[in-house]
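Chemist: Contents are compact mmCIF, C-alpha atoms and all ligand atoms; file name final-v6.txt:
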# COMPACT_ATOMS: atom_id res chain seq x y z
CA MET A 17 -1.01 -4.06 16.32
CA LEU A 18 -2.27 -4.41 19.87
CA GLY A 19 -3.39 -0.86 19.27
CA LEU A 20 -5.60 -2.11 16.45
CA ALA A 21 -7.33 -4.67 18.71
CA LYS A 22 -8.07 -1.91 21.22
CA GLN A 23 -9.46 0.38 18.51
CA ILE A 24 -11.69 -2.42 17.23
CA ASP A 25 -13.02 -3.03 20.75
CA GLU A 26 -13.73 0.65 21.31
CA ALA A 27 -15.59 1.00 18.00
CA ALA A 28 -17.62 -2.15 18.71
CA ALA A 29 -18.43 -1.00 22.25
CA PHE A 30 -19.69 2.33 20.89
CA ILE A 31 -21.95 0.61 18.35
CA ARG A 32 -23.29 -1.70 21.07
CA SER A 33 -24.14 1.37 23.17
CA ARG A 34 -26.44 2.50 20.32
CA TRP A 35 -27.77 -0.84 19.07
CA THR A 36 -28.30 -3.89 21.23
CA GLY A 37 -28.61 -6.43 18.40
CA SER A 38 -25.95 -8.98 17.60
CA PRO A 39 -25.32 -9.20 13.86
CA LYS A 40 -25.23 -12.51 12.04
CA SER A 41 -23.84 -10.77 8.98
CA GLY A 42 -22.05 -7.64 7.86
CA LEU A 43 -23.03 -6.04 4.55
CA ILE A 44 -20.99 -3.64 2.43
CA LEU A 45 -23.04 -1.75 -0.15
CA GLY A 46 -21.05 -0.61 -3.16
CA THR A 47 -21.25 2.48 -5.35
CA GLY A 48 -24.85 3.16 -6.34
CA LEU A 49 -25.98 0.01 -4.54
CA GLY A 50 -27.21 1.56 -1.29
CA GLY A 51 -30.88 0.78 -2.05
CA LEU A 52 -30.68 -2.45 -0.11
CA ALA A 53 -30.44 -0.44 3.13
CA GLU A 54 -34.13 0.40 2.65
CA GLU A 55 -34.99 -3.28 3.09
CA ILE A 56 -33.50 -3.25 6.59
CA THR A 57 -36.14 -2.99 9.34
CA SER A 58 -36.01 -1.84 12.99
CA LYS A 59 -33.02 0.25 12.05
CA THR A 60 -30.54 2.21 14.05
CA ILE A 61 -28.44 4.51 11.86
CA ILE A 62 -24.99 5.59 13.02
CA PRO A 63 -22.95 8.09 10.95
CA TYR A 64 -19.35 6.89 10.53
CA ALA A 65 -18.10 10.20 11.89
CA GLU A 66 -19.51 9.31 15.32
CA ILE A 67 -17.82 5.92 15.61
CA PRO A 68 -14.44 5.96 17.35
CA HIS A 69 -11.49 5.16 15.04
CA PHE A 70 -13.62 4.94 11.89
CA PRO A 71 -11.83 6.72 9.05
CA THR A 72 -13.09 10.23 8.47
CA SER A 73 -14.73 10.81 5.09
CA THR A 74 -12.92 12.54 2.27
CA VAL A 75 -14.76 15.34 0.48
CA GLN A 76 -15.80 13.23 -2.52
CA SER A 77 -17.08 10.22 -0.66
CA HIS A 78 -20.77 10.18 0.15
CA ALA A 79 -21.88 10.59 3.72
CA GLY A 80 -21.27 7.13 5.07
CA GLN A 81 -23.34 5.49 7.73
CA LEU A 82 -23.78 2.20 9.45
CA VAL A 83 -27.29 0.80 9.23
CA CYS A 84 -27.97 -1.74 11.98
CA GLY A 85 -31.19 -3.74 11.96
CA GLU A 86 -32.83 -6.82 10.49
CA LEU A 87 -32.95 -8.17 6.96
CA ARG A 88 -35.74 -10.76 6.67
CA GLY A 89 -35.38 -11.43 10.39
CA VAL A 90 -31.58 -11.74 10.30
CA PRO A 91 -29.69 -9.15 12.36
CA VAL A 92 -27.24 -7.26 10.13
CA VAL A 93 -24.83 -4.35 10.21
CA ALA A 94 -24.67 -2.65 6.80
CA MET A 95 -22.19 -0.10 5.53
CA GLU A 96 -23.94 2.44 3.33
CA GLY A 97 -20.85 3.81 1.62
CA ARG A 98 -17.45 2.16 1.82
CA PHE A 99 -13.92 3.50 2.07
CA HIS A 100 -11.96 3.15 -1.16
CA PHE A 101 -8.19 2.78 -1.42
CA TYR A 102 -8.17 5.33 -4.29
CA GLU A 103 -9.56 7.98 -1.96
CA GLY A 104 -6.26 7.86 -0.11
CA TYR A 105 -7.20 5.65 2.83
CA SER A 106 -4.69 3.02 3.91
CA MET A 107 -5.59 -0.63 3.47
CA GLN A 108 -5.96 -0.83 7.27
CA GLN A 109 -8.49 2.03 7.23
CA VAL A 110 -10.42 0.53 4.30
CA THR A 111 -10.82 -2.75 6.19
CA PHE A 112 -11.31 -1.49 9.74
CA PRO A 113 -15.13 -1.78 9.59
CA VAL A 114 -14.84 -5.48 8.71
CA ARG A 115 -12.83 -6.03 11.89
CA VAL A 116 -15.55 -4.23 13.84
CA MET A 117 -18.32 -6.34 12.25
CA LYS A 118 -16.46 -9.46 13.37
CA ALA A 119 -16.02 -8.03 16.88
CA LEU A 120 -19.78 -7.39 17.03
CA GLY A 121 -20.35 -11.10 16.44
CA ALA A 122 -20.89 -11.42 12.68
CA ASP A 123 -19.83 -14.73 11.13
CA THR A 124 -20.64 -13.73 7.54
CA LEU A 125 -19.84 -10.80 5.26
CA VAL A 126 -21.81 -9.89 2.13
CA VAL A 127 -19.98 -7.49 -0.21
CA THR A 128 -21.27 -5.73 -3.31
CA ASN A 129 -19.61 -3.55 -5.93
CA ALA A 130 -19.98 -1.86 -9.30
CA ALA A 131 -17.54 -3.34 -11.80
CA GLY A 132 -16.49 -3.24 -15.43
CA GLY A 133 -17.49 -6.32 -17.43
CA MET A 134 -14.69 -7.92 -19.45
CA ASN A 135 -16.34 -11.28 -20.12
CA PRO A 136 -17.95 -10.83 -23.55
CA HIS A 137 -21.03 -12.77 -22.40
CA TYR A 138 -21.83 -10.20 -19.71
CA GLU A 139 -24.28 -7.35 -20.30
CA LEU A 140 -24.90 -4.01 -18.63
CA GLY A 141 -26.71 -4.39 -15.32
CA ASP A 142 -25.92 -8.11 -15.00
CA VAL A 143 -25.30 -9.64 -11.59
CA MET A 144 -22.18 -11.73 -11.01
CA VAL A 145 -21.74 -13.88 -7.92
CA ILE A 146 -18.03 -13.60 -7.11
CA ASP A 147 -16.45 -17.03 -7.27
CA ASP A 148 -12.85 -15.93 -6.74
CA HIS A 149 -10.66 -12.84 -7.00
CA ILE A 150 -7.31 -11.52 -8.19
CA ASN A 151 -5.58 -8.83 -6.13
CA LEU A 152 -3.78 -6.36 -8.39
CA MET A 153 -4.11 -3.40 -6.04
CA GLY A 154 -0.41 -3.44 -5.26
CA ASP A 155 -0.95 -3.51 -1.49
CA ASN A 156 -2.36 -5.80 1.17
CA PRO A 157 -4.25 -4.98 4.38
CA LEU A 158 -2.38 -7.74 6.25
CA ARG A 159 1.06 -6.30 5.53
CA GLY A 160 2.96 -5.66 8.76
CA ILE A 161 3.15 -7.36 12.13
CA ASN A 162 0.37 -9.92 12.49
CA ASP A 163 -1.87 -9.83 15.56
CA ASP A 164 -2.48 -13.55 16.08
CA THR A 165 -5.61 -12.80 18.12
CA LEU A 166 -7.21 -11.38 14.94
CA GLY A 167 -6.15 -14.15 12.54
CA PRO A 168 -3.26 -16.21 11.17
CA ARG A 169 -0.08 -14.81 9.61
CA PHE A 170 -0.63 -16.70 6.35
CA PRO A 171 -4.37 -17.00 5.80
CA ASP A 172 -5.43 -19.66 3.35
CA MET A 173 -7.13 -18.45 0.18
CA CYS A 174 -8.35 -21.65 -1.42
CA GLU A 175 -11.99 -20.64 -0.87
CA PRO A 176 -12.25 -16.93 -0.02
CA TYR A 177 -15.88 -16.85 -1.17
CA SER A 178 -18.04 -19.49 0.51
CA ARG A 179 -19.12 -22.09 -2.01
CA GLU A 180 -22.12 -22.85 0.17
CA LEU A 181 -23.28 -19.22 0.16
CA SER A 182 -22.62 -18.79 -3.59
CA THR A 183 -24.75 -21.83 -4.30
CA ILE A 184 -27.57 -20.43 -2.17
CA ALA A 185 -27.27 -17.08 -3.99
CA LEU A 186 -27.40 -18.67 -7.44
CA GLN A 187 -30.44 -20.71 -6.38
CA ALA A 188 -32.13 -17.55 -5.03
CA ALA A 189 -31.42 -15.76 -8.32
CA LEU A 190 -32.95 -18.62 -10.27
CA GLU A 191 -36.09 -18.53 -8.12
CA LEU A 192 -36.44 -14.78 -8.63
CA GLY A 193 -35.82 -14.97 -12.38
CA ILE A 194 -32.68 -12.84 -12.07
CA GLN A 195 -29.92 -13.86 -14.47
CA ALA A 196 -26.71 -14.28 -12.47
CA HIS A 197 -23.22 -15.25 -13.59
CA LYS A 198 -20.48 -16.76 -11.48
CA GLY A 199 -17.02 -15.38 -12.14
CA VAL A 200 -13.71 -13.85 -11.14
CA PHE A 201 -13.42 -10.28 -9.79
CA LEU A 202 -10.11 -8.48 -10.27
CA ALA A 203 -9.23 -5.45 -8.15
CA VAL A 204 -7.09 -2.54 -9.28
CA ALA A 205 -6.16 0.51 -7.20
CA GLY A 206 -7.80 3.06 -9.54
CA PRO A 207 -8.93 5.80 -9.71
CA ASN A 208 -8.48 5.92 -13.49
CA LEU A 209 -10.27 3.34 -15.57
CA GLU A 210 -8.18 0.92 -17.60
CA THR A 211 -6.59 1.38 -20.99
CA ARG A 212 -7.57 -0.99 -23.80
CA ALA A 213 -4.25 -2.79 -23.37
CA GLU A 214 -4.91 -3.19 -19.66
CA TYR A 215 -8.40 -4.62 -20.18
CA ARG A 216 -6.94 -7.07 -22.68
CA MET A 217 -4.27 -8.11 -20.18
CA LEU A 218 -6.70 -8.40 -17.24
CA ARG A 219 -9.12 -10.51 -19.26
CA GLY A 220 -6.19 -12.71 -20.31
CA MET A 221 -5.31 -13.17 -16.65
CA GLY A 222 -8.62 -14.90 -16.09
CA ALA A 223 -10.86 -12.15 -14.74
CA ASP A 224 -14.49 -11.60 -15.73
CA VAL A 225 -14.97 -8.17 -14.13
CA VAL A 226 -12.72 -5.41 -12.77
CA GLY A 227 -13.30 -2.92 -9.97
CA MET A 228 -11.56 -0.73 -7.40
CA SER A 229 -12.77 -2.24 -4.13
CA THR A 230 -13.87 -5.38 -2.29
CA VAL A 231 -10.62 -7.38 -2.32
CA PRO A 232 -9.10 -5.67 0.77
CA GLU A 233 -12.29 -6.23 2.77
CA VAL A 234 -12.48 -9.86 1.65
CA ILE A 235 -8.83 -10.53 2.56
CA VAL A 236 -9.48 -9.19 6.06
CA ALA A 237 -12.76 -11.11 6.33
CA VAL A 238 -10.94 -14.35 5.47
CA HIS A 239 -8.18 -13.48 7.97
CA ALA A 240 -10.88 -12.95 10.61
CA GLY A 241 -12.60 -16.24 9.78
CA LEU A 242 -15.77 -14.76 8.23
CA LYS A 243 -17.69 -16.55 5.50
CA VAL A 244 -17.95 -14.30 2.45
CA LEU A 245 -20.56 -13.84 -0.26
CA GLY A 246 -19.78 -11.30 -3.01
CA PHE A 247 -21.77 -9.70 -5.82
CA SER A 248 -20.65 -7.48 -8.71
CA ILE A 249 -22.97 -5.44 -10.88
CA VAL A 250 -21.67 -4.89 -14.42
CA THR A 251 -21.87 -1.12 -14.85
CA ASP A 252 -19.79 -0.70 -18.02
CA ILE A 253 -18.68 -2.95 -20.83
CA CYS A 254 -14.91 -3.26 -21.13
CA LEU A 255 -14.22 -5.00 -24.42
CA PRO A 256 -10.84 -3.68 -25.59
CA ASP A 257 -11.76 -3.69 -29.28
CA ALA A 258 -15.06 -1.84 -28.79
CA LEU A 259 -14.28 0.42 -25.86
CA GLU A 260 -16.33 3.55 -25.32
CA PRO A 261 -15.48 6.40 -22.93
CA VAL A 262 -17.09 5.89 -19.53
CA ASP A 263 -19.80 8.20 -18.37
CA ILE A 264 -19.97 8.20 -14.58
CA GLN A 265 -23.66 9.25 -14.63
CA LYS A 266 -24.42 6.28 -16.84
CA ILE A 267 -22.46 3.96 -14.55
CA LEU A 268 -24.48 5.20 -11.58
CA ALA A 269 -27.76 4.72 -13.46
CA VAL A 270 -26.82 1.15 -14.35
CA ALA A 271 -25.68 0.54 -10.77
CA ALA A 272 -29.09 1.68 -9.55
CA ARG A 273 -30.76 -0.85 -11.87
CA GLY A 274 -28.43 -3.59 -10.68
CA GLY A 275 -28.92 -2.45 -7.10
CA GLU A 276 -32.63 -3.04 -7.49
CA LYS A 277 -31.88 -6.67 -8.39
CA LEU A 278 -29.59 -7.05 -5.36
CA SER A 279 -32.31 -5.52 -3.16
CA ARG A 280 -34.47 -8.51 -4.08
CA LEU A 281 -31.74 -11.11 -4.27
CA ILE A 282 -29.84 -10.52 -1.02
CA PRO A 283 -32.96 -10.57 1.23
CA LYS A 284 -33.92 -13.86 -0.45
CA VAL A 285 -30.48 -15.26 0.43
CA PHE A 286 -31.00 -14.22 4.07
CA GLU A 287 -34.44 -15.81 4.03
CA LYS A 288 -32.75 -19.06 3.05
CA LEU A 289 -30.21 -18.71 5.86
CA THR A 290 -32.84 -18.70 8.58
N1 LIG B 1 -12.64 -0.50 -14.19
C1 LIG B 1 -12.36 -0.40 -12.90
N2 LIG B 1 -13.27 -0.18 -11.99
C2 LIG B 1 -14.54 -0.07 -12.38
C3 LIG B 1 -14.90 -0.17 -13.69
C4 LIG B 1 -13.89 -0.41 -14.66
O1 LIG B 1 -14.15 -0.52 -15.88
N3 LIG B 1 -16.25 -0.02 -13.77
C5 LIG B 1 -16.69 0.17 -12.51
N4 LIG B 1 -15.65 0.13 -11.67
So that I can check it, write out the structure of this file as structure tokens.

Modeler:
Amino acid sequence: MLGLAKQIDEAAAFIRSRWTGSPKSGLILGTGLGGLAEEITSKTIIPYAEIPHFPTSTVQSHAGQLVCGELRGVPVVAMEGRFHFYEGYSMQQVTFPVRVMKALGADTLVVTNAAGGMNPHYELGDVMVIDDHINLMGDNPLRGINDDTLGPRFPDMCEPYSRELSTIALQAALELGIQAHKGVFLAVAGPNLETRAEYRMLRGMGADVVGMSTVPEVIVAVHAGLKVLGFSIVTDICLPDALEPVDIQKILAVAARGGEKLSRLIPKVFEKLT
């Protein structure tokens, strides 16, 4: 594990050699939700491949890059493209960038994702502020020897998503006229979508939306002491008794629509933080 601390330091030192800012917040932009990166000003862009110890991209994953700059005056480090567990990365690889964001000085992490809507009140393209999560990925990024310099062995999970930040986000949504729900995100490993029986079970467990990301990064963020704000965009409707086959192109188109909402909403949240 000491090896991990050294790798984090080396990655952070490299980023500092390219960008002299000190981020207040990290941002992880989910599938189809990269549009927000265009709102970042005074940017320095660093391809993941250049950063020491960053996982190397698999063929399918989009060219990932770190976008460092300012969002409404707040210094941020944004991941355009994340590492998914279903791509074959280990949980440690998936969450490494969060460790680096913390090492760079961030005290907050904003995460976004595309998710399937199981709450019957949710519609395509809706925004959900993540209130809580359920980890059904079958693995955990904190498994193994704990490095106490990075965080506690048994991190508390009574408030993984900052209530203060969620409240600010819901207020920002109201001011912008964007309808936003507050609900529970459930993470599965993927890559297949769920069967009707699985959606029925997951909904019964108390989840509003389901996706294949976010939870590992949030667990590590909590371990590292970061405040977290999370958003899901409902990209497909997962009602077990009216399920239609998913069309990835359609999901991406809906994500783009939702991404446009987040591109207005998240800067507004940052405006309120300053
Ligand atoms: N299930 C799991 N992950 C997803 C879904 C879904 O229905 N939609 C988008 N990501």

Chemist: Pick out the residues sitting within 12 Å of Ile184 of chain A, and hand them over as a list of chain:residue names; count all atoms listed in the file, and ignore anything fewer than 6 positions along from it in its own chain.

Modeler: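 After dropping sequence-adjacent residues, the list is A:Val145, A:Ser178, A:Leu190, A:Glu191, A:Leu245, A:Leu281, A:Ile282, A:Pro283, A:Lys284, A:Val285, A:Phe286, A:Glu287, A:Lys288, A:Leu289.
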
Chemist: Need the shell around segment 198-206 of chain A: protein/DNA/RNA residues with any atom at most 8 Å away, counting all atoms listed in the file. Skip same-chain ones fewer than 6 positions apart. Format as a list in words?

Modeler: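 My list of contacting residues is Phe101, Tyr102, Met144, Val145, Ile146, Asp147, Asp148, His149, Ile150, Asn151, Leu152, Met153, Gly154, Leu218, Gly222, Ala223, Asp224, Val225, Val226, Gly227, Met228, Ser229, Thr230, Val231 and Ser248 of chain A.
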
Chemist: Any idea what's packed within 8 Å of Leu125 of chain A, counting only C-alpha atoms, ignoring anything in its chain fewer than 4 positions away? Could you give it as a ChimeraX atom specification?

Modeler: /A:41-44,237,242-245

Chemist: Identify the residues around (-17.5, 7.2, 17.7) within a radius of 12 Å, measuring from all atoms listed in the file in the coordinates stated by the file, and give them as a ChimeraX atom specification.

Modeler: /A:23-34,62-72,81-82

Chemist: Pick from A:Thr47, A:Thr57, A:Ser38, A:Thr165: nearest to ligand LIG 1 (chain B), with only C-alpha atoms and all ligand atoms counted?

Modeler: A:Thr47

Chemist: Using all atoms listed in the file, which of the listed residues (A:Gly241, A:Pro207, A:Pro256, A:Gly246) sits closest to Gly46 of chain A?

Modeler: A:Gly246

Chemist: Give, as JSON, the centre coordinates and the x, y and z edge lengths in Å to one decimal for an axis-aligned box around all listed atoms of segment 139-147 of chain A, padded by 6 Å on each side.

Modeler:
{"center_x": -21.6, "center_y": -10.5, "center_z": -13.7, "size_x": 22.3, "size_y": 25.0, "size_z": 25.2}

Chemist: Please check which protein, DNA or RNA residues sit within 6 Å of ligand LIG 1 (chain B), counting only C-alpha atoms and all ligand atoms, and write them as an mmCIF file with C-alpha atoms, in the frame of the given file.

Modeler:
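Contents of the output file out-v1.cif:
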data_model
loop_
_atom_site.group_PDB
_atom_site.id
_atom_site.type_symbol
_atom_site.label_atom_id
_atom_site.label_comp_id
_atom_site.auth_asym_id
_atom_site.auth_seq_id
_atom_site.Cartn_x
_atom_site.Cartn_y
_atom_site.Cartn_z
ATOM 1 C CA ALA A 130 -19.980 -1.860 -9.300
ATOM 2 C CA ALA A 131 -17.540 -3.340 -11.800
ATOM 3 C CA GLY A 132 -16.490 -3.240 -15.430
ATOM 4 C CA LEU A 209 -10.270 3.340 -15.570
ATOM 5 C CA GLU A 210 -8.180 0.920 -17.600
ATOM 6 C CA VAL A 226 -12.720 -5.410 -12.770
ATOM 7 C CA GLY A 227 -13.300 -2.920 -9.970
ATOM 8 C CA MET A 228 -11.560 -0.730 -7.400
ATOM 9 C CA THR A 251 -21.870 -1.120 -14.850
ATOM 10 C CA ASP A 252 -19.790 -0.700 -18.020
ATOM 11 C CA CYS A 254 -14.910 -3.260 -21.130
#

Chemist: If you count only C-alpha atoms, which residues fall within 7 Å of segment 112-115 of chain A, apart from same-chain ones fewer than 2 positions away, as number ranges by chain?

Modeler: A: 24, 108-110, 117-119, 233, 237

Chemist: What is the distance between atom CA of Ser182 of chain A and atom CA of Phe247 of chain A, in Å to one decimal?

Modeler: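 Interatomic distance, atom CA of Ser182 of chain A to atom CA of Phe247 of chain A: 9.4 Å.
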
Chemist: Which one is closest to Val238 of chain A: A:His137, A:Arg216, A:Lys266, A:Arg169? Count only C-alpha atoms.

Modeler: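 Among the listed residues, A:Arg169 lies closest to Val238 of chain A.
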
Chemist: From the options A:Asp163, A:Glu86, A:Glu96, A:Glu175, which residue's atoms come nearest to Leu49 of chain A, counting all atoms listed in the file?

Modeler: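 Checking each candidate against Leu49 of chain A, we get A:Glu96 as the closest.
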
Chemist: Between atom CA of Gly51 of chain A and atom CA of Gly89 of chain A, what is the spacing in Å?

Modeler: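 The value is 18.0 Å.
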
Chemist: Check the smallest atom-to-atom distance from each of A:Met134, A:Leu45, A:Val116, A:Leu52 to Lys22 of chain A using all atoms listed in the file, then report the winner.

Modeler: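 Nearest candidate to Lys22 of chain A out of A:Met134, A:Leu45, A:Val116, A:Leu52: A:Val116.
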
Chemist: For atom CA of Gly121 of chain A and atom CA of Pro39 of chain A, quote the distance in Å rounded to one decimal.

Modeler: 5.9 Å

Chemist: So, counting all atoms listed in the file, which residue among A:Gly160, A:Val126, A:Thr111, A:Tyr105 is closest to Ala185 of chain A?

Modeler: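 Smallest distance to Ala185 of chain A is found for A:Val126.
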
Chemist: Kindly add all heavy atoms to the incomplete segment 106-116 of chain A and provide the output as a JSON list (two decimals), keeping the file's coordinate frame.

Modeler:
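Contents of rebuild.json, freshly written:
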[["chain", "number", "residue", "atom", "x", "y", "z"],
["A", 106, "SER", "N", -5.61, 4.17, 3.88],
["A", 106, "SER", "CA", -4.69, 3.02, 3.91],
["A", 106, "SER", "C", -5.54, 1.75, 3.84],
["A", 106, "SER", "O", -6.75, 1.78, 4.09],
["A", 106, "SER", "CB", -3.88, 3.03, 5.20],
["A", 106, "SER", "OG", -4.73, 2.72, 6.29],
["A", 107, "MET", "N", -4.90, 0.66, 3.51],
["A", 107, "MET", "CA", -5.59, -0.63, 3.47],
["A", 107, "MET", "C", -6.19, -0.97, 4.85],
["A", 107, "MET", "O", -7.24, -1.58, 4.95],
["A", 107, "MET", "CB", -4.62, -1.73, 3.05],
["A", 107, "MET", "CG", -4.32, -1.71, 1.57],
["A", 107, "MET", "SD", -5.59, -2.64, 0.71],
["A", 107, "MET", "CE", -5.23, -2.25, -0.99],
["A", 108, "GLN", "N", -5.46, -0.57, 5.91],
["A", 108, "GLN", "CA", -5.96, -0.83, 7.27],
["A", 108, "GLN", "C", -7.24, -0.04, 7.53],
["A", 108, "GLN", "O", -8.18, -0.54, 8.15],
["A", 108, "GLN", "CB", -4.90, -0.46, 8.32],
["A", 108, "GLN", "CG", -3.76, -1.49, 8.46],
["A", 108, "GLN", "CD", -2.79, -1.46, 7.28],
["A", 108, "GLN", "OE1", -2.70, -0.46, 6.56],
["A", 108, "GLN", "NE2", -2.06, -2.54, 7.09],
["A", 109, "GLN", "N", -7.28, 1.21, 7.04],
["A", 109, "GLN", "CA", -8.49, 2.03, 7.23],
["A", 109, "GLN", "C", -9.66, 1.45, 6.42],
["A", 109, "GLN", "O", -10.79, 1.38, 6.92],
["A", 109, "GLN", "CB", -8.22, 3.47, 6.78],
["A", 109, "GLN", "CG", -7.32, 4.24, 7.74],
["A", 109, "GLN", "CD", -7.03, 5.64, 7.20],
["A", 109, "GLN", "OE1", -6.56, 5.81, 6.07],
["A", 109, "GLN", "NE2", -7.30, 6.63, 8.01],
["A", 110, "VAL", "N", -9.36, 1.06, 5.18],
["A", 110, "VAL", "CA", -10.42, 0.53, 4.30],
["A", 110, "VAL", "C", -11.10, -0.68, 4.95],
["A", 110, "VAL", "O", -12.31, -0.88, 4.80],
["A", 110, "VAL", "CB", -9.81, 0.14, 2.92],
["A", 110, "VAL", "CG1", -10.76, -0.72, 2.11],
["A", 110, "VAL", "CG2", -9.42, 1.39, 2.13],
["A", 111, "THR", "N", -10.30, -1.48, 5.68],
["A", 111, "THR", "CA", -10.82, -2.75, 6.19],
["A", 111, "THR", "C", -11.21, -2.72, 7.66],
["A", 111, "THR", "O", -11.72, -3.70, 8.18],
["A", 111, "THR", "CB", -9.76, -3.85, 5.99],
["A", 111, "THR", "OG1", -8.53, -3.44, 6.63],
["A", 111, "THR", "CG2", -9.48, -4.08, 4.51],
["A", 112, "PHE", "N", -11.00, -1.58, 8.31],
["A", 112, "PHE", "CA", -11.31, -1.49, 9.74],
["A", 112, "PHE", "C", -12.76, -1.89, 10.06],
["A", 112, "PHE", "O", -13.01, -2.65, 11.01],
["A", 112, "PHE", "CB", -10.99, -0.07, 10.25],
["A", 112, "PHE", "CG", -11.21, 0.12, 11.72],
["A", 112, "PHE", "CD1", -10.33, -0.43, 12.66],
["A", 112, "PHE", "CD2", -12.31, 0.84, 12.19],
["A", 112, "PHE", "CE1", -10.56, -0.27, 14.02],
["A", 112, "PHE", "CE2", -12.53, 1.00, 13.55],
["A", 112, "PHE", "CZ", -11.65, 0.45, 14.47],
["A", 113, "PRO", "N", -13.74, -1.41, 9.27],
["A", 113, "PRO", "CA", -15.13, -1.78, 9.59],
["A", 113, "PRO", "C", -15.39, -3.29, 9.57],
["A", 113, "PRO", "O", -16.24, -3.77, 10.32],
["A", 113, "PRO", "CB", -15.94, -1.09, 8.49],
["A", 113, "PRO", "CG", -15.09, 0.06, 8.04],
["A", 113, "PRO", "CD", -13.68, -0.45, 8.14],
["A", 114, "VAL", "N", -14.65, -4.02, 8.74],
["A", 114, "VAL", "CA", -14.84, -5.48, 8.71],
["A", 114, "VAL", "C", -14.40, -6.08, 10.04],
["A", 114, "VAL", "O", -15.05, -6.98, 10.59],
["A", 114, "VAL", "CB", -14.05, -6.11, 7.54],
["A", 114, "VAL", "CG1", -14.20, -7.62, 7.53],
["A", 114, "VAL", "CG2", -14.52, -5.52, 6.21],
["A", 115, "ARG", "N", -13.31, -5.57, 10.58],
["A", 115, "ARG", "CA", -12.83, -6.03, 11.89],
["A", 115, "ARG", "C", -13.90, -5.77, 12.96],
["A", 115, "ARG", "O", -14.13, -6.59, 13.85],
["A", 115, "ARG", "CB", -11.56, -5.27, 12.29],
["A", 115, "ARG", "CG", -10.36, -5.50, 11.38],
["A", 115, "ARG", "CD", -9.74, -6.82, 11.65],
["A", 115, "ARG", "NE", -8.51, -7.04, 10.90],
["A", 115, "ARG", "CZ", -8.02, -8.25, 10.65],
["A", 115, "ARG", "NH1", -8.65, -9.33, 11.06],
["A", 115, "ARG", "NH2", -6.90, -8.39, 9.98],
["A", 116, "VAL", "N", -14.54, -4.60, 12.84],
["A", 116, "VAL", "CA", -15.55, -4.23, 13.84],
["A", 116, "VAL", "C", -16.79, -5.13, 13.70],
["A", 116, "VAL", "O", -17.36, -5.57, 14.70],
["A", 116, "VAL", "CB", -15.91, -2.73, 13.70],
["A", 116, "VAL", "CG1", -17.05, -2.35, 14.63],
["A", 116, "VAL", "CG2", -14.68, -1.87, 13.97]]
